[in-house]
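A short write-up of the structure that comes next.
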Amino acid sequence: MRKTLYLKFILAYLLFGIFGFIVVATFVSNMLEDHCLQSTSDALYREATQIANTYAADLYSSETSLDTVSRQITVLAGYSNAQIWIINPSGRMVAKSGEKLDPGREVYIKGFNPSAFAGKIYTVGDFFGSFDEPMISVLAPITGNYKTNGYVVIHTALSGVQQEAGKLLNISYIMLLLIFLLSIIILIFFTEIVYSPLKKITKATEQYAAGNMSYTFSVESEDEMGYLAATLQYMAGEIARSEDDQKKFIANVSHDFRSPLTSIRGFLTAMLDGTIPPEKHEKYLKTVLDETDRLTKLTNGLLTLNSLGTKGMLLTRTDFDINDTIRHVAASFEQVCREKRLRFELILSGDTLYVNADKEKIQQVLYNLVDNAIKFSHPDSSIRIETTERHNKIFVSVKDSGIGIPKEDQKLIFNRFYKTDLSRGKDKKGTGLGLSIVQEILRAHDENINVVSTENVGSEFIFSLRRSDVNDQLED
Ligand code: ADP
């Protein structure tokens with residue numbers, strides 16, 4: 001990446017310079033020469049026309065002498081660095097700037113033909129063999145009495161015009177060079193704004209790809225590059241965190257599997273080697289059975305959590321009566337409640353109360369919450385389950401007057417495997433997965449669960465559900 005991107009940019013920069021030079025050397029050079037030729041010939045033509053209408057016309061109407069005209073055209077020719085001639089239609093030279101013609105010797109321009117100027121104001125050449133070098137010549141007729149009496153012809157060397165164009169071309173080259181040098185600013189900007197941050201980002205991606213998720217770098221710009229760098233670092237942080245979570249998760253799972261397995265192994269070995277006498281086997285086998293129950297519960301919990309997490313949780317939403325579901329869940333715990341002398345207090349809003357959710361999964365939520373409420377309640381107390389309706393939402397609360405949850409634990413109980421110290425003695429079979437399953441299910445429904453609890457007073461878990469439209473149809 002490093003070489004190619006920078007080299008490509010340098011190459012583009014050089015190409016820009018070379019093409020700029022070619023354009024100036026060809027198009028601009030031609031344009032300048034054309035422009036100088038056109039403007040010189042325009043100026044000469046204006047001058048020739050002016051002379052033809054003034055001094056030369058006076059000469060033919062005999063208002064002024066040949067001498068005077070010769071002197072005047074010599075002065076004018078000096079100003080414009082040109083040669084001014086007055087010629088008869090036959091090609092005889094009448095007056096010539098900078099030269100006094102001998103009246104006894106007639107000078108003719110051989111082959112003079114004014115039609116060579118038809119349709120154009122100037123010609124480039126030797127003017128019918130009169131010059132050794134290429135000249136620009138313009139011609140203006142001297143008219144009087146409706147006929148052409150002669151012509152004013154002005155010549156100037158083409159090399160002079162070319163020199164002028166050359167000077168302008170040199171200015172163009174200097175401008176091009178300045179632009180080229182100034183465009184180095186773009187190169188510097190490119191390096192600062194794009195190349196350097198990109199280099200840092202590439203280096204970081206290499207580090208992340210190699211597994212070094214703690215690698216940090218900074219791109220202090222608020223443009224797309226800065227955003228890209230920040231996003232990349234955020235992504236690396238998230239990956240690092242999820243790797244960390246995974247490690248913790250595996251450590252927890254291993255720990256939770258190991259303790260029942262160690263105790264099972266301990267009891268069985270003691271039975272086999274006779275440390276536990278055969279008459280006590282039944283008692284200890286029951287404990288072993290309890291431990292295997294715990295392992296089964298743990299495995300099922302993990303499987304449930306895994307299925308919830310991986311499938312992005314496919315919900316089978318239906319409209320169902322949550323009051324009825326609560327009654328059923330409460331009924332399923334009747335035997336356990338009787339043993340612990342617990343009462344259910346159901347305060348349900350309306351006869352029926354329809355919600356739109358995945359019935360089976362909400363049943364599991366209720367089951368886990370009620371199971372906890374029973375586990376952590378003191379005997380001879382009651383568990384209250386309440387439904388309320390507010391702003392298109394149905395709130396379900398499961399409240400007990402049991403051991404409660406210390407303040408500092410309230411945020412953590414939804415984490416996988418988390419169990420409060422208070423509960424450890426009360427519930428040896430708990431896996432610490434129940435509430436994380438509850439939270440995953442409600443999260444998939446885009447709903448929330450909250451806990452309000454005071455140590456030694458009791459706990460209340462409240463979760464929300466989407467109210468079903470079926471309730472309105474029933475009302476109508
Ligand atoms: P467990 O299978 O251990 O009950 P949960 O995830 O359901 O796992 O609960 C996590 C922990 O939260 C429990 O071990 C207990 O410490 C605490 N907890 C949950 N519900 C209650 C409750 N109703 N009263 C007191 N503590 C509770």
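Lettering and numbering for the structure tokens are positional, with chains as A, B, ... in the shown order, residues counted from 1 in each chain, and ligands counted from 1 in the shown order.
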As a PyMOL selection string, which residues of region 166-408 of chain A does DSSP assign to strand (DSSP E)? chain A and resi 317-321+343-347+354-358+382-390+393-400
What would the file look like if the residues just selected were written as a CSV table (one decimal), in the first residue's frame with N, CA, C and O atoms?
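Resulting contents of part-v6.csv:
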```
chain,number,residue,atom,x,y,z
A,317,ARG,N,-44.4,-14.3,17.2
A,317,ARG,CA,-45.3,-13.4,17.9
A,317,ARG,C,-46.8,-13.8,17.7
A,317,ARG,O,-47.1,-14.0,16.5
A,318,THR,N,-47.5,-13.8,18.8
A,318,THR,CA,-49.0,-14.0,18.6
A,318,THR,C,-49.7,-13.1,19.6
A,318,THR,O,-49.0,-12.5,20.5
A,319,ASP,N,-51.0,-12.9,19.5
A,319,ASP,CA,-51.7,-12.2,20.5
A,319,ASP,C,-52.3,-13.2,21.5
A,319,ASP,O,-53.0,-14.1,21.1
A,320,PHE,N,-51.9,-13.0,22.7
A,320,PHE,CA,-52.4,-14.0,23.8
A,320,PHE,C,-52.7,-13.2,25.0
A,320,PHE,O,-52.2,-12.1,25.3
A,321,ASP,N,-53.5,-13.9,25.9
A,321,ASP,CA,-54.0,-13.3,27.1
A,321,ASP,C,-52.9,-13.6,28.2
A,321,ASP,O,-52.7,-14.7,28.6
A,343,ARG,N,-48.5,-18.1,49.4
A,343,ARG,CA,-49.7,-17.8,48.7
A,343,ARG,C,-49.4,-16.9,47.5
A,343,ARG,O,-48.5,-16.0,47.5
A,344,PHE,N,-50.2,-17.1,46.4
A,344,PHE,CA,-50.1,-16.2,45.3
A,344,PHE,C,-51.2,-15.2,45.4
A,344,PHE,O,-52.4,-15.5,45.7
A,345,GLU,N,-50.9,-14.0,45.1
A,345,GLU,CA,-51.9,-12.9,45.1
A,345,GLU,C,-51.9,-12.4,43.6
A,345,GLU,O,-50.9,-11.7,43.2
A,346,LEU,N,-52.9,-12.7,42.9
A,346,LEU,CA,-52.9,-12.2,41.5
A,346,LEU,C,-53.8,-11.0,41.3
A,346,LEU,O,-55.0,-11.0,41.6
A,347,ILE,N,-53.2,-9.8,41.0
A,347,ILE,CA,-53.9,-8.6,40.8
A,347,ILE,C,-53.9,-8.3,39.3
A,347,ILE,O,-52.9,-7.6,38.8
A,354,TYR,N,-54.7,-8.8,26.5
A,354,TYR,CA,-54.0,-9.4,25.4
A,354,TYR,C,-52.7,-8.6,25.1
A,354,TYR,O,-52.6,-7.4,25.2
A,355,VAL,N,-51.6,-9.4,24.9
A,355,VAL,CA,-50.3,-8.8,24.6
A,355,VAL,C,-49.8,-9.4,23.2
A,355,VAL,O,-50.3,-10.5,22.9
A,356,ASN,N,-48.9,-8.7,22.6
A,356,ASN,CA,-48.4,-9.3,21.3
A,356,ASN,C,-46.9,-9.7,21.6
A,356,ASN,O,-46.1,-8.8,21.8
A,357,ALA,N,-46.7,-11.0,21.7
A,357,ALA,CA,-45.3,-11.4,22.0
A,357,ALA,C,-45.2,-12.9,21.7
A,357,ALA,O,-46.2,-13.5,21.2
A,358,ASP,N,-44.0,-13.5,21.9
A,358,ASP,CA,-43.8,-14.9,21.8
A,358,ASP,C,-44.3,-15.6,23.1
A,358,ASP,O,-43.6,-15.5,24.1
A,382,SER,N,-46.5,-14.1,51.0
A,382,SER,CA,-47.2,-14.2,49.7
A,382,SER,C,-46.4,-13.6,48.6
A,382,SER,O,-45.5,-12.7,48.8
A,383,ILE,N,-46.7,-14.0,47.4
A,383,ILE,CA,-46.0,-13.5,46.1
A,383,ILE,C,-47.1,-12.9,45.3
A,383,ILE,O,-48.2,-13.5,45.0
A,384,ARG,N,-46.9,-11.6,45.0
A,384,ARG,CA,-47.9,-10.8,44.2
A,384,ARG,C,-47.5,-10.7,42.8
A,384,ARG,O,-46.4,-10.3,42.4
A,385,ILE,N,-48.4,-11.1,41.9
A,385,ILE,CA,-48.2,-10.9,40.4
A,385,ILE,C,-49.3,-10.0,40.0
A,385,ILE,O,-50.5,-10.2,40.2
A,386,GLU,N,-48.8,-8.9,39.3
A,386,GLU,CA,-49.7,-7.8,39.0
A,386,GLU,C,-49.6,-7.5,37.5
A,386,GLU,O,-48.5,-7.4,37.0
A,387,THR,N,-50.7,-7.2,36.8
A,387,THR,CA,-50.6,-6.6,35.5
A,387,THR,C,-51.2,-5.2,35.4
A,387,THR,O,-52.3,-5.0,36.0
A,388,THR,N,-50.6,-4.3,34.7
A,388,THR,CA,-51.1,-3.0,34.6
A,388,THR,C,-51.0,-2.6,33.1
A,388,THR,O,-50.1,-3.0,32.4
A,389,GLU,N,-51.8,-1.6,32.7
A,389,GLU,CA,-51.9,-1.2,31.3
A,389,GLU,C,-51.5,0.3,31.3
A,389,GLU,O,-52.1,1.1,32.0
A,390,ARG,N,-50.5,0.7,30.5
A,390,ARG,CA,-50.2,2.1,30.4
A,390,ARG,C,-49.6,2.4,29.0
A,390,ARG,O,-48.7,1.8,28.6
A,393,LYS,N,-48.7,-0.1,26.5
A,393,LYS,CA,-47.8,-1.1,27.1
A,393,LYS,C,-48.5,-1.9,28.2
A,393,LYS,O,-49.4,-1.3,28.9
A,394,ILE,N,-48.1,-3.1,28.4
A,394,ILE,CA,-48.6,-3.9,29.5
A,394,ILE,C,-47.4,-4.1,30.4
A,394,ILE,O,-46.3,-4.5,30.0
A,395,PHE,N,-47.6,-3.8,31.7
A,395,PHE,CA,-46.5,-4.1,32.7
A,395,PHE,C,-46.8,-5.2,33.6
A,395,PHE,O,-48.0,-5.3,34.1
A,396,VAL,N,-45.9,-6.2,33.7
A,396,VAL,CA,-46.1,-7.3,34.6
A,396,VAL,C,-45.1,-7.2,35.7
A,396,VAL,O,-43.9,-7.0,35.5
A,397,SER,N,-45.6,-7.4,36.9
A,397,SER,CA,-44.7,-7.3,38.1
A,397,SER,C,-44.8,-8.6,38.9
A,397,SER,O,-45.9,-9.1,39.1
A,398,VAL,N,-43.6,-9.1,39.3
A,398,VAL,CA,-43.6,-10.3,40.2
A,398,VAL,C,-42.9,-9.8,41.5
A,398,VAL,O,-41.7,-9.4,41.4
A,399,LYS,N,-43.7,-9.8,42.6
A,399,LYS,CA,-43.1,-9.2,43.8
A,399,LYS,C,-43.2,-10.2,44.9
A,399,LYS,O,-44.2,-10.9,45.1
A,400,ASP,N,-42.0,-10.3,45.6
A,400,ASP,CA,-42.0,-11.2,46.8
A,400,ASP,C,-41.6,-10.4,48.0
A,400,ASP,O,-41.1,-9.3,47.9
```
Check the DSSP output for the backbone and give back, as a list in words, the residues of region 118-173 of chain A in helix (DSSP H, G or I). Leu158, Ser159, Gly160, Val161, Gln162, Gln163, Glu164, Ala165, Gly166, Lys167, Leu168, Leu169, Asn170, Ile171, Ser172 and Tyr173 of chain A
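For Thr49 (chain A), the set of protein, DNA and RNA residues having any atom at most 9 Å away, when counting only C-alpha atoms and skipping those fewer than 5 positions along the same chain, is A:Leu44, A:Thr54, A:Leu139, A:Ala140, A:Pro141, A:Ile142, A:Val152.
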Could you pull the residues within 12 Å of region 194-204 of chain A, counting only C-alpha atoms, minus those fewer than 5 positions along the same chain, as a ChimeraX atom specification? /A:1-9,186-189,209-233,235-236
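The smallest atom-to-atom distance between ligand 1 and any of A:Lys167, A:His155, A:Lys407, A:His281, using only C-alpha atoms and all ligand atoms, is found for A:Lys407.
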Neighbouring residues of Lys361 (chain A) were defined as those with any atom within 9 Å, considering only C-alpha atoms; residues of the same chain fewer than 6 positions away were excluded. Please report them as a PDB file with N, CA and C atoms, in the first residue's frame.
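Result saved to around25.pdb:
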```pdb
ATOM      1  N   LEU A 315     -38.587 -14.741  16.895  1.00  0.00           N
ATOM      2  CA  LEU A 315     -39.767 -14.724  17.758  1.00  0.00           C
ATOM      3  C   LEU A 315     -40.994 -15.149  16.971  1.00  0.00           C
ATOM      4  N   VAL A 438     -33.981 -14.404  30.949  1.00  0.00           N
ATOM      5  CA  VAL A 438     -35.119 -13.464  30.993  1.00  0.00           C
ATOM      6  C   VAL A 438     -34.756 -12.183  30.219  1.00  0.00           C
ATOM      7  N   ILE A 441     -34.525 -12.655  26.395  1.00  0.00           N
ATOM      8  CA  ILE A 441     -35.847 -12.802  25.768  1.00  0.00           C
ATOM      9  C   ILE A 441     -36.525 -11.435  25.637  1.00  0.00           C
ATOM     10  N   LEU A 442     -36.473 -10.641  26.715  1.00  0.00           N
ATOM     11  CA  LEU A 442     -37.151  -9.340  26.674  1.00  0.00           C
ATOM     12  C   LEU A 442     -36.439  -8.383  25.722  1.00  0.00           C
TER      13      LEU A 442
END
```
Across A:Glu455, A:Asp290, A:Glu33, A:Glu164, the smallest distance to ligand 1, with only C-alpha atoms and all ligand atoms counted, is shown by A:Glu455
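Put simply, CA of Ser436 (chain A) is 19.9 Å away from CA of Asp293 (chain A).
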Name the closest residue to His328 (chain A) among the candidates A:Leu272, A:Val161, A:Val457, A:Val370; distances are taken between atoms, counting only C-alpha atoms. A:Val370
